[in-house]
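Visitor: structure21.cif is reproduced below (mmCIF, C-alpha atoms and all ligand atoms).
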```
data_final
#
loop_
_atom_site.label_atom_id
_atom_site.label_comp_id
_atom_site.auth_asym_id
_atom_site.auth_seq_id
_atom_site.Cartn_x
_atom_site.Cartn_y
_atom_site.Cartn_z
CA MET J 1 -5.70 4.16 -16.18
CA SER J 2 -2.94 6.71 -16.04
CA ASN J 3 -3.67 10.35 -15.62
CA GLU J 4 -2.72 11.81 -19.00
CA ALA J 5 -2.15 15.23 -17.47
CA GLN J 6 0.67 13.79 -15.39
CA LYS J 7 2.76 12.75 -18.41
CA ASP J 8 5.64 15.14 -17.89
CA GLY J 9 4.48 17.22 -14.99
CA THR J 10 5.94 15.57 -11.94
CA ARG J 11 9.30 17.29 -11.70
CA ILE J 12 7.98 20.74 -10.65
CA PRO J 13 11.37 22.33 -9.83
CA GLY J 14 11.29 24.53 -6.73
CA PHE J 15 8.00 23.00 -5.51
CA TYR J 16 9.22 23.09 -1.91
CA ARG J 17 9.79 26.85 -2.16
CA LEU J 18 6.13 27.52 -3.10
CA SER J 19 3.43 28.34 -0.58
CA ILE J 20 0.85 25.61 0.11
CA ARG J 21 -1.65 27.54 -1.97
CA GLU J 22 0.79 27.70 -4.90
CA ARG J 23 1.62 24.00 -4.58
CA ARG J 24 -2.06 23.14 -4.69
CA SER J 25 -2.59 25.22 -7.76
CA ALA J 26 0.43 23.53 -9.44
CA LEU J 27 -1.13 20.15 -8.66
CA ARG J 28 -4.51 21.33 -9.88
CA GLY J 29 -3.11 21.70 -13.39
CA ILE J 30 -1.15 18.46 -13.35
CA ALA J 31 -3.64 16.09 -11.75
CA ASP J 32 -6.85 17.73 -12.86
CA LEU J 33 -8.02 18.59 -9.34
CA THR J 34 -11.44 20.13 -8.79
CA ASP J 35 -12.45 22.76 -6.23
CA GLN J 36 -13.81 19.92 -4.14
CA ASP J 37 -10.46 18.13 -4.27
CA LEU J 38 -8.75 21.27 -2.98
CA GLU J 39 -11.32 21.42 -0.20
CA THR J 40 -10.48 17.81 0.63
CA LEU J 41 -6.78 18.72 0.85
CA GLU J 42 -7.67 21.54 3.23
CA ARG J 43 -9.93 19.46 5.48
CA GLY J 44 -8.01 16.18 5.42
CA GLY J 45 -10.68 14.08 3.76
CA LEU J 46 -12.42 12.68 6.81
CA ASP J 47 -15.06 14.31 9.01
CA THR J 48 -16.08 13.16 12.46
CA GLY J 49 -19.45 11.83 11.29
CA THR J 50 -17.75 9.57 8.74
CA ALA J 51 -15.13 8.52 11.28
CA ASP J 52 -17.99 7.47 13.54
CA LYS J 53 -19.20 5.10 10.82
CA ILE J 54 -15.74 3.61 10.23
CA VAL J 55 -14.67 2.77 13.80
CA GLU J 56 -16.26 2.29 17.18
CA ASN J 57 -16.09 4.76 20.07
CA ALA J 58 -14.99 7.51 17.68
CA VAL J 59 -14.31 10.86 19.31
CA GLY J 60 -12.70 12.71 16.39
CA VAL J 61 -10.22 12.36 13.55
CA TYR J 62 -6.42 12.23 13.69
CA ALA J 63 -4.50 14.15 11.03
CA LEU J 64 -1.10 13.60 9.40
CA PRO J 65 0.81 15.83 6.97
CA LEU J 66 0.19 14.89 3.32
CA GLY J 67 2.86 15.75 0.74
CA VAL J 68 3.81 14.63 -2.74
CA GLY J 69 6.96 12.80 -3.71
CA LEU J 70 8.29 14.33 -6.93
CA ASN J 71 10.56 13.21 -9.78
CA PHE J 72 9.26 9.63 -9.81
CA LEU J 73 9.52 7.88 -13.16
CA VAL J 74 8.11 4.36 -12.79
CA ASN J 75 8.07 2.08 -15.83
CA GLN J 76 8.53 5.15 -18.02
CA ARG J 77 5.53 6.93 -16.55
CA ASP J 78 5.79 10.12 -14.51
CA VAL J 79 3.90 9.81 -11.26
CA LEU J 80 3.12 12.10 -8.37
CA VAL J 81 3.49 10.07 -5.20
CA PRO J 82 1.13 11.02 -2.35
CA MET J 83 2.82 10.50 1.02
CA ALA J 84 1.22 10.81 4.47
CA VAL J 85 3.91 10.81 7.13
CA GLU J 86 4.84 12.62 10.34
CA GLU J 87 8.64 12.27 9.99
CA PRO J 88 10.49 15.29 8.55
CA SER J 89 12.76 14.66 5.55
CA VAL J 90 11.07 11.46 4.31
CA ILE J 91 9.32 13.18 1.39
CA ALA J 92 12.25 15.44 0.49
CA ALA J 93 14.70 12.54 0.65
CA ALA J 94 12.55 10.24 -1.50
CA SER J 95 12.04 13.01 -4.08
CA ASN J 96 15.77 13.70 -4.17
CA ALA J 97 16.60 10.02 -4.63
CA ALA J 98 13.91 9.67 -7.32
CA ARG J 99 15.65 12.48 -9.21
CA MET J 100 18.92 10.51 -9.16
CA VAL J 101 17.18 7.30 -10.26
CA ARG J 102 15.58 9.27 -13.08
CA GLU J 103 19.04 9.92 -14.46
CA GLY J 104 19.45 6.17 -14.89
CA GLY J 105 16.08 5.71 -16.61
CA GLY J 106 13.73 5.61 -13.62
CA PHE J 107 12.34 2.73 -11.59
CA ILE J 108 11.68 -0.52 -13.45
CA ALA J 109 9.04 -2.55 -11.64
CA GLU J 110 7.08 -5.75 -12.08
CA ALA J 111 4.62 -7.59 -9.86
CA ASP J 112 2.92 -10.92 -9.32
CA GLU J 113 -0.81 -11.35 -9.86
CA PRO J 114 -2.79 -9.95 -6.88
CA VAL J 115 -3.05 -13.28 -5.07
CA MET J 116 -3.90 -13.40 -1.37
CA THR J 117 -3.93 -16.60 0.63
CA ALA J 118 -6.50 -17.98 3.09
CA GLN J 119 -5.36 -20.43 5.75
CA ILE J 120 -7.69 -23.13 7.04
CA GLU J 121 -6.22 -24.93 10.03
CA ILE J 122 -7.48 -28.42 10.86
CA VAL J 123 -6.61 -29.79 14.29
CA ASP J 124 -7.22 -33.12 16.08
CA VAL J 125 -6.03 -35.10 13.07
CA ALA J 126 -4.68 -38.55 13.91
CA ASP J 127 -2.32 -38.69 10.95
CA PRO J 128 -1.57 -35.30 9.36
CA ASP J 129 0.16 -36.86 6.34
CA ALA J 130 -2.81 -39.11 5.55
CA SER J 131 -5.21 -36.14 6.00
CA ALA J 132 -3.04 -34.08 3.69
CA SER J 133 -3.16 -36.79 1.00
CA ARG J 134 -6.97 -36.94 1.17
CA LEU J 135 -7.19 -33.14 0.94
CA GLN J 136 -4.78 -33.09 -1.98
CA ALA J 137 -6.93 -35.64 -3.79
CA ALA J 138 -9.97 -33.37 -3.26
CA ALA J 139 -8.20 -30.20 -4.42
CA ALA J 140 -10.36 -29.74 -7.52
CA GLU J 141 -13.57 -29.98 -5.48
CA LEU J 142 -12.25 -27.48 -2.89
CA LEU J 143 -11.08 -25.10 -5.59
CA ALA J 144 -14.52 -25.12 -7.23
CA LEU J 145 -16.17 -24.54 -3.85
CA ALA J 146 -13.84 -21.61 -3.12
CA HIS J 147 -14.44 -20.09 -6.54
CA ALA J 148 -18.23 -20.35 -6.15
CA THR J 149 -18.02 -18.47 -2.84
CA LEU J 150 -16.96 -15.25 -4.62
CA PRO J 151 -19.15 -14.94 -7.74
CA ARG J 152 -18.71 -11.15 -8.07
CA LEU J 153 -14.94 -11.46 -7.91
CA ALA J 154 -15.10 -14.16 -10.61
CA GLU J 155 -17.10 -11.75 -12.81
CA ARG J 156 -14.26 -9.24 -12.47
CA GLY J 157 -11.70 -11.82 -13.60
CA GLY J 158 -10.48 -12.87 -10.16
CA GLY J 159 -11.26 -15.88 -7.98
CA ALA J 160 -9.72 -18.96 -6.38
CA ARG J 161 -6.61 -20.12 -8.23
CA GLU J 162 -5.01 -22.95 -6.30
CA ILE J 163 -5.33 -25.21 -3.28
CA GLU J 164 -2.17 -26.04 -1.37
CA VAL J 165 -2.02 -28.53 1.49
CA ARG J 166 0.61 -28.40 4.23
CA ALA J 167 1.02 -31.09 6.86
CA HIS J 168 2.40 -29.96 10.24
CA PRO J 169 3.32 -32.33 13.08
CA ARG J 170 0.04 -31.67 14.93
CA ARG J 171 -2.27 -30.16 12.33
CA VAL J 172 -2.93 -29.86 8.64
CA VAL J 173 -3.29 -26.48 6.95
CA VAL J 174 -5.01 -25.77 3.65
CA HIS J 175 -4.04 -22.66 1.74
CA VAL J 176 -6.51 -21.24 -0.75
CA HIS J 177 -4.83 -18.81 -3.15
CA VAL J 178 -7.28 -16.21 -4.41
CA ASP J 179 -6.73 -13.60 -7.11
CA CYS J 180 -8.33 -10.52 -5.55
CA ARG J 181 -7.89 -8.17 -8.55
CA ASN J 182 -7.99 -4.57 -7.30
CA ALA J 183 -9.08 -5.37 -3.75
CA MET J 184 -6.64 -5.86 -0.88
CA GLY J 185 -8.71 -8.98 -0.39
CA ALA J 186 -8.69 -9.67 3.36
CA ASN J 187 -12.47 -9.90 3.56
CA MET J 188 -12.67 -12.07 0.47
CA VAL J 189 -10.13 -14.64 1.58
CA ASN J 190 -11.54 -14.72 5.11
CA THR J 191 -14.96 -15.45 3.59
CA VAL J 192 -13.46 -18.29 1.54
CA ALA J 193 -11.67 -19.70 4.59
CA GLU J 194 -14.89 -19.79 6.61
CA ALA J 195 -16.93 -21.20 3.73
CA LEU J 196 -14.57 -24.12 3.15
CA ALA J 197 -13.68 -24.99 6.72
CA ASP J 198 -16.37 -27.63 7.40
CA ARG J 199 -15.73 -29.52 4.18
CA VAL J 200 -11.98 -29.37 4.70
CA ALA J 201 -12.38 -30.65 8.28
CA ALA J 202 -14.58 -33.53 7.10
CA LEU J 203 -12.11 -34.54 4.41
CA ALA J 204 -9.18 -34.29 6.84
CA GLY J 205 -10.98 -36.19 9.59
CA GLY J 206 -10.35 -33.42 12.09
CA ARG J 207 -11.81 -30.24 13.58
CA SER J 208 -11.48 -26.83 11.97
CA GLY J 209 -9.27 -24.39 13.87
CA LEU J 210 -8.34 -20.92 12.63
CA ARG J 211 -9.71 -19.63 9.33
CA ILE J 212 -8.02 -16.42 8.28
CA LEU J 213 -5.72 -14.88 5.66
CA THR J 214 -1.95 -14.95 6.00
CA ASN J 215 -0.21 -11.59 5.83
CA LEU J 216 2.86 -13.36 4.50
CA CYS J 217 1.36 -12.96 1.02
CA ASP J 218 4.47 -14.09 -0.82
CA ARG J 219 2.50 -14.81 -3.99
CA ARG J 220 1.75 -11.11 -4.24
CA CYS J 221 5.25 -9.70 -4.44
CA VAL J 222 6.52 -6.64 -6.23
CA ARG J 223 10.05 -6.26 -7.58
CA VAL J 224 11.64 -2.93 -8.44
CA ARG J 225 15.06 -2.05 -9.81
CA ALA J 226 16.81 1.29 -9.93
CA ARG J 227 20.03 2.19 -11.75
CA VAL J 228 21.87 5.36 -10.80
CA PRO J 229 24.91 6.64 -12.72
CA ALA J 230 27.71 7.11 -10.18
CA ALA J 231 28.12 10.79 -11.10
CA ALA J 232 24.53 11.49 -9.99
CA LEU J 233 25.43 10.40 -6.45
CA ALA J 234 28.25 12.88 -5.84
CA SER J 235 27.98 15.02 -2.70
CA LYS J 236 29.70 18.31 -1.88
CA THR J 237 32.64 16.46 -0.38
CA MET J 238 32.68 13.04 -2.10
CA ASP J 239 32.80 12.01 -5.72
CA GLY J 240 30.08 9.78 -7.15
CA ALA J 241 32.15 6.58 -7.21
CA ALA J 242 33.02 6.93 -3.52
CA VAL J 243 29.38 7.51 -2.59
CA ARG J 244 28.32 4.54 -4.76
CA ASP J 245 30.84 2.28 -3.01
CA GLY J 246 29.71 3.56 0.38
CA ILE J 247 26.12 2.63 -0.46
CA VAL J 248 27.15 -0.87 -1.53
CA ALA J 249 29.12 -1.25 1.71
CA ALA J 250 26.02 -0.17 3.66
CA SER J 251 23.95 -2.74 1.78
CA ARG J 252 26.46 -5.49 2.63
CA PHE J 253 26.35 -4.48 6.29
CA ALA J 254 22.56 -4.98 6.25
CA GLU J 255 23.00 -8.33 4.48
CA ASP J 256 25.46 -9.47 7.16
CA ASP J 257 23.76 -8.13 10.29
CA PRO J 258 20.05 -8.42 11.20
CA TYR J 259 20.35 -5.46 13.60
CA ARG J 260 21.37 -3.26 10.71
CA ALA J 261 18.86 -4.96 8.36
CA ALA J 262 16.01 -3.91 10.65
CA THR J 263 17.01 -0.24 10.37
CA HIS J 264 17.71 -0.55 6.64
CA ASN J 265 14.19 -1.96 6.19
CA LYS J 266 12.72 0.75 8.42
CA GLY J 267 14.12 3.27 5.96
CA ILE J 268 12.37 1.39 3.13
CA MET J 269 9.12 1.36 5.08
CA ASN J 270 9.38 5.16 5.55
CA GLY J 271 8.54 5.48 1.86
CA VAL J 272 6.28 2.44 1.60
CA ASP J 273 4.05 3.23 4.58
CA ALA J 274 3.68 6.89 3.65
CA VAL J 275 2.06 5.96 0.33
CA VAL J 276 0.13 3.03 1.78
CA ILE J 277 -1.37 5.31 4.44
CA ALA J 278 -2.12 8.14 2.00
CA THR J 279 -4.02 5.77 -0.27
CA GLY J 280 -6.18 4.42 2.57
CA ASN J 281 -4.56 1.00 2.70
CA ASP J 282 -3.84 -1.35 5.60
CA TRP J 283 -0.26 -0.49 6.48
CA ARG J 284 -0.15 -2.98 9.37
CA GLY J 285 -0.77 -5.74 6.83
CA VAL J 286 1.97 -4.43 4.54
CA GLU J 287 4.36 -4.13 7.51
CA ALA J 288 3.57 -7.67 8.71
CA GLY J 289 4.12 -9.04 5.21
CA ALA J 290 7.35 -7.11 4.72
CA HIS J 291 9.04 -8.30 7.90
CA ALA J 292 7.82 -11.90 7.62
CA PHE J 293 9.19 -11.94 4.06
CA ALA J 294 12.47 -10.41 5.23
CA ALA J 295 12.82 -13.27 7.73
CA ALA J 296 11.50 -16.05 5.47
CA SER J 297 14.94 -17.59 4.87
CA GLY J 298 15.28 -18.16 8.62
CA ARG J 299 17.45 -15.08 9.01
CA TYR J 300 16.20 -11.47 8.90
CA ARG J 301 17.43 -9.90 5.64
CA PRO J 302 17.28 -6.51 3.91
CA LEU J 303 14.35 -6.14 1.50
CA ALA J 304 16.58 -4.14 -0.86
CA THR J 305 20.24 -4.59 -1.81
CA TRP J 306 22.68 -2.46 -3.82
CA ARG J 307 25.56 -3.42 -6.11
CA VAL J 308 27.85 -1.90 -8.74
CA GLU J 309 26.98 -2.92 -12.31
CA ASN J 310 28.96 -1.48 -15.22
CA GLY J 311 30.07 1.37 -12.98
CA ASP J 312 26.50 2.32 -12.03
CA LEU J 313 24.81 1.78 -8.69
CA VAL J 314 21.96 -0.72 -9.06
CA GLY J 315 19.38 -1.39 -6.34
CA ARG J 316 16.81 -4.16 -6.22
CA LEU J 317 13.88 -4.47 -3.86
CA GLU J 318 11.43 -7.34 -3.49
CA MET J 319 8.58 -7.51 -0.98
CA PRO J 320 4.96 -8.61 -0.64
CA MET J 321 2.48 -5.84 -1.38
CA ALA J 322 -1.16 -6.34 -0.40
CA LEU J 323 -2.95 -3.21 -1.55
CA GLY J 324 -6.38 -2.29 -2.81
CA THR J 325 -7.72 0.49 -4.98
CA VAL J 326 -11.31 -0.51 -4.24
CA GLY J 327 -13.14 -1.42 -1.05
CA GLY J 328 -12.01 -0.92 2.53
CA THR J 329 -11.67 2.60 3.84
CA LEU J 330 -11.59 3.98 0.31
CA HIS J 331 -15.40 4.14 0.19
CA ALA J 332 -15.44 6.52 3.10
CA HIS J 333 -12.19 8.47 3.02
CA ALA J 334 -12.19 11.34 0.52
CA GLY J 335 -8.49 11.96 1.27
CA ALA J 336 -7.57 8.42 0.25
CA ARG J 337 -9.60 8.73 -2.95
CA LEU J 338 -7.86 12.00 -3.70
CA ALA J 339 -4.45 10.39 -3.13
CA LEU J 340 -5.34 7.76 -5.72
CA LYS J 341 -6.36 10.51 -8.09
CA LEU J 342 -3.00 12.23 -7.53
CA VAL J 343 -1.04 9.07 -8.24
CA GLY J 344 -3.28 8.49 -11.27
CA VAL J 345 -3.78 4.78 -10.74
CA THR J 346 -6.81 2.50 -10.53
CA ASP J 347 -4.95 -0.80 -10.69
CA ALA J 348 -3.81 -2.17 -7.32
CA THR J 349 -0.84 -4.00 -8.80
CA GLU J 350 0.40 -0.83 -10.44
CA LEU J 351 -0.05 1.04 -7.17
CA GLY J 352 2.13 -1.61 -5.53
CA MET J 353 4.92 -0.94 -8.01
CA ILE J 354 4.80 2.78 -7.23
CA VAL J 355 4.75 2.12 -3.48
CA ALA J 356 7.78 -0.15 -3.80
CA SER J 357 9.56 2.52 -5.85
CA ALA J 358 8.95 4.99 -3.02
CA GLY J 359 10.45 2.39 -0.66
CA LEU J 360 13.56 1.92 -2.79
CA ALA J 361 13.93 5.70 -3.18
CA SER J 362 13.75 6.14 0.61
CA ASN J 363 16.35 3.42 1.09
CA LEU J 364 18.69 5.02 -1.45
CA ALA J 365 18.31 8.42 0.20
CA ALA J 366 19.05 7.00 3.65
CA LEU J 367 22.09 5.00 2.53
CA ARG J 368 23.48 7.93 0.56
CA ALA J 369 23.13 10.19 3.60
CA LEU J 370 24.73 7.57 5.85
CA ALA J 371 27.59 7.02 3.39
CA THR J 372 28.31 10.77 3.15
CA ASP J 373 27.46 13.39 5.78
CA GLY J 374 25.58 11.09 8.15
CA ILE J 375 21.85 11.29 8.66
CA GLN J 376 21.70 14.01 11.28
CA ARG J 377 22.68 17.09 9.29
CA GLY J 378 19.77 17.12 6.85
CA HIS J 379 17.46 15.43 9.29
CA MET J 380 18.00 17.92 12.10
CA ALA J 381 17.58 20.95 9.83
CA LEU J 382 14.14 19.68 8.86
CA HIS J 383 13.44 18.55 12.40
CA ARG J 384 14.08 22.08 13.68
CA ARG J 385 11.53 23.29 11.14
CA SER J 386 8.91 20.87 12.40
CA SER J 387 9.76 21.58 16.04
CA ALA J 388 9.12 25.25 15.34
CA ALA J 389 5.64 24.18 14.28
CA SER J 390 5.00 22.90 17.81
CA LEU J 391 5.45 26.32 19.40
CA PRO J 392 2.07 27.26 20.82
CA ALA J 393 0.16 29.44 18.39
CA HIS J 394 -1.89 30.86 21.30
CA PRO J 395 0.41 31.00 24.34
CA GLN J 396 -2.40 32.22 26.53
CA VAL J 397 -4.30 28.99 25.85
CA SER J 398 -1.38 26.68 26.58
CA GLY J 399 -0.28 28.77 29.51
CA GLY J 400 3.29 29.10 28.14
CA SER J 401 5.10 32.16 26.92
CA PRO J 402 6.20 32.65 23.32
C1 LIG Z 501 15.16 6.88 9.69
O1 LIG Z 501 13.77 7.08 9.72
C2 LIG Z 501 15.54 5.80 8.71
C3 LIG Z 501 17.03 5.44 8.66
O2 LIG Z 501 17.48 5.04 9.95
C4 LIG Z 501 17.18 4.31 7.67
C5 LIG Z 501 18.56 3.71 7.60
O3 LIG Z 501 19.34 3.79 8.58
O4 LIG Z 501 18.86 3.12 6.55
C6 LIG Z 501 17.88 6.61 8.27
#
```
Mind turning the file's structure into structure tokens?
Guide:
Amino acid sequence: MSNEAQKDGTRIPGFYRLSIRERRSALRGIADLTDQDLETLERGGLDTGTADKIVENAVGVYALPLGVGLNFLVNQRDVLVPMAVEEPSVIAAASNAARMVREGGGFIAEADEPVMTAQIEIVDVADPDASASRLQAAAAELLALAHATLPRLAERGGGAREIEVRAHPRRVVVHVHVDCRNAMGANMVNTVAEALADRVAALAGGRSGLRILTNLCDRRCVRVRARVPAAALASKTMDGAAVRDGIVAASRFAEDDPYRAATHNKGIMNGVDAVVIATGNDWRGVEAGAHAFAAASGRYRPLATWRVENGDLVGRLEMPMALGTVGGTLHAHAGARLALKLVGVTDATELGMIVASAGLASNLAALRALATDGIQRGHMALHRRSSAASLPAHPQVSGGSP
């Protein structure tokens, strides 16, 4: 599964100082890239003809910068982290934080089985509790029916795992939990929901309403931990212990205040989304799951928190992670396939652990900046660089002057 060539090649000191051509040739050696892969990097991985097959009313393709997050050690494996993002400093900051986490042994991650959940809503039920009892009694039959709906998934070791029945005041809702293996699984669970709806409605004595997945896929969570020795956090003006304590104080602010938690989580999603987008995954689904999970206690909470343990700074992040390494856009998007090749992963659960590590790294970088110099100094230096890129290359075309 892992790309052997990546074993110890993801630090690449001074990578940012290289030209794009030199960076590509450094990656070529590490990730075994072919000439065609380099061509894909140059062209962005999607042509207009393919775009026309993916969406309706296509008129072109829309590009984003693609970079690699460096220094990531996840479960003792070095990984290059492909990141597609328009915001300056996200990739540099995540790489910098990953270097600090590396000093404490790298990111330690674990994940649930890749279980997505279909919802079948039954309305017009006279007595939701009685309907729920009948459905519960028929759980084995419904589970077998769900499993039989996805024979190819069953061959790959996945399939329906559990039926759960939830009575609401005006409706009853059946959840079908499906192990989707390496697929994100939206199509699979939607198929199951539609296949079971009539039988579920008959058993419940009602009419089937909505039949669709839930993006609050809280049975498909990933958990990642990072330990950073205090000394690794020192800035030019603050010692490591002071920075560590500032980061913990920032975490507590997010735990106490949903307004701050939203921004804290946005910083996490800077890293998460960049990898999710680069690998051709549905980032709206990941976003929906993340924020629903953050609010699941009834109060919006930070997805990651930081504490002092034995003098070190320790961060923990938990969030749902619905990703695929097969299916979806991946068939069509050469850039997404190349990103998966760069990260060296074929297993969707493992990809989720790397994505979450990028999220925790981004959060650490943001909190460290906020606890020291403030965010604007580094951010604006990089922003000026990207603003320079917007100067018209051909002033005569834009009508402006240089
Ligand atoms: C900016 O994209 C993200 C931050 O606002 C995150 C945070 O405040 O923690 C810097």
Visitor: Go through J:Pro65, J:Gly359, J:Gly104, J:Pro169 and flag the residue nearest ligand LIG 501 (chain Z), using all atoms listed in the file for the distances.
Guide: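 Of J:Pro65, J:Gly359, J:Gly104, J:Pro169, the one nearest ligand LIG 501 (chain Z) is J:Gly359, counting all atoms listed in the file.
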Visitor: Using Å and a single decimal, report how far CA of Val243 in chain J sits from CA of Thr372 in chain J.
Guide: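 Between CA of Thr372 in chain J and CA of Val243 in chain J the gap is 6.7 Å.
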Visitor: Write out as a ChimeraX atom specification each polymer residue whose atoms come within 9 Å of range 339-350 of chain J, counting all atoms listed in the file; drop sequence neighbours fewer than 6 positions from it.
Guide: /J:1-4,6,27,30-33,68,79-83,109-114,181-184,220,222,275,278-280,321-326
Visitor: Just write the chosen residues, C-alpha atoms, as a PDB file, in the frame of the given file.
Guide:
```pdb
ATOM      1  CA  MET J   1      -5.700   4.160 -16.180  1.00  0.00           C
ATOM      2  CA  SER J   2      -2.940   6.710 -16.040  1.00  0.00           C
ATOM      3  CA  ASN J   3      -3.670  10.350 -15.620  1.00  0.00           C
ATOM      4  CA  GLU J   4      -2.720  11.810 -19.000  1.00  0.00           C
ATOM      5  CA  GLN J   6       0.670  13.790 -15.390  1.00  0.00           C
ATOM      6  CA  LEU J  27      -1.130  20.150  -8.660  1.00  0.00           C
ATOM      7  CA  ILE J  30      -1.150  18.460 -13.350  1.00  0.00           C
ATOM      8  CA  ALA J  31      -3.640  16.090 -11.750  1.00  0.00           C
ATOM      9  CA  ASP J  32      -6.850  17.730 -12.860  1.00  0.00           C
ATOM     10  CA  LEU J  33      -8.020  18.590  -9.340  1.00  0.00           C
ATOM     11  CA  VAL J  68       3.810  14.630  -2.740  1.00  0.00           C
ATOM     12  CA  VAL J  79       3.900   9.810 -11.260  1.00  0.00           C
ATOM     13  CA  LEU J  80       3.120  12.100  -8.370  1.00  0.00           C
ATOM     14  CA  VAL J  81       3.490  10.070  -5.200  1.00  0.00           C
ATOM     15  CA  PRO J  82       1.130  11.020  -2.350  1.00  0.00           C
ATOM     16  CA  MET J  83       2.820  10.500   1.020  1.00  0.00           C
ATOM     17  CA  ALA J 109       9.040  -2.550 -11.640  1.00  0.00           C
ATOM     18  CA  GLU J 110       7.080  -5.750 -12.080  1.00  0.00           C
ATOM     19  CA  ALA J 111       4.620  -7.590  -9.860  1.00  0.00           C
ATOM     20  CA  ASP J 112       2.920 -10.920  -9.320  1.00  0.00           C
ATOM     21  CA  GLU J 113      -0.810 -11.350  -9.860  1.00  0.00           C
ATOM     22  CA  PRO J 114      -2.790  -9.950  -6.880  1.00  0.00           C
ATOM     23  CA  ARG J 181      -7.890  -8.170  -8.550  1.00  0.00           C
ATOM     24  CA  ASN J 182      -7.990  -4.570  -7.300  1.00  0.00           C
ATOM     25  CA  ALA J 183      -9.080  -5.370  -3.750  1.00  0.00           C
ATOM     26  CA  MET J 184      -6.640  -5.860  -0.880  1.00  0.00           C
ATOM     27  CA  ARG J 220       1.750 -11.110  -4.240  1.00  0.00           C
ATOM     28  CA  VAL J 222       6.520  -6.640  -6.230  1.00  0.00           C
ATOM     29  CA  VAL J 275       2.060   5.960   0.330  1.00  0.00           C
ATOM     30  CA  ALA J 278      -2.120   8.140   2.000  1.00  0.00           C
ATOM     31  CA  THR J 279      -4.020   5.770  -0.270  1.00  0.00           C
ATOM     32  CA  GLY J 280      -6.180   4.420   2.570  1.00  0.00           C
ATOM     33  CA  MET J 321       2.480  -5.840  -1.380  1.00  0.00           C
ATOM     34  CA  ALA J 322      -1.160  -6.340  -0.400  1.00  0.00           C
ATOM     35  CA  LEU J 323      -2.950  -3.210  -1.550  1.00  0.00           C
ATOM     36  CA  GLY J 324      -6.380  -2.290  -2.810  1.00  0.00           C
ATOM     37  CA  THR J 325      -7.720   0.490  -4.980  1.00  0.00           C
ATOM     38  CA  VAL J 326     -11.310  -0.510  -4.240  1.00  0.00           C
TER      39      VAL J 326
END
```
Visitor: What is the distance, in Å and to one decimal place, between CA of Leu70 in chain J and CA of Ala361 in chain J?
Guide: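 Rounded to one decimal, the two atoms are 11.0 Å apart.
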Visitor: CA of His264 in chain J and atom C3 of ligand LIG 501 (chain Z) are how many Å apart?
Guide: 6.4 Å
Visitor: Here is a test: counting all atoms listed in the file, which residue of J:Arg225, J:Arg199, J:Arg260, J:His291 is nearest to ligand LIG 501 (chain Z)?
Guide: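 Using all atoms listed in the file, the shortest distance to ligand LIG 501 (chain Z) belongs to J:Arg260.
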Visitor: Taking only C-alpha atoms and all ligand atoms and a cut-off of 8 Å, can you tell me which residues surround ligand LIG 501 (chain Z), written as a list in words?
Guide: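 Counting only C-alpha atoms and all ligand atoms, the residues within 8 Å of ligand LIG 501 (chain Z) come out as Glu87, Val90, Arg260, Thr263, His264, Asn265, Lys266, Gly267, Ile268, Asn270, Asn363, Ala366, Leu367, Ala369, Leu370 and Ile375 of chain J.
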Visitor: Near Leu145 in chain J, counting only C-alpha atoms, which residues have an atom at most 9 Å away, once you skip same-chain residues fewer than 4 positions from it, shown as a list in words?
Guide: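 Counting only C-alpha atoms, the residues come to Ala140, Glu141, Thr149, Ala160, Val192, Ala195 and Leu196 of chain J.
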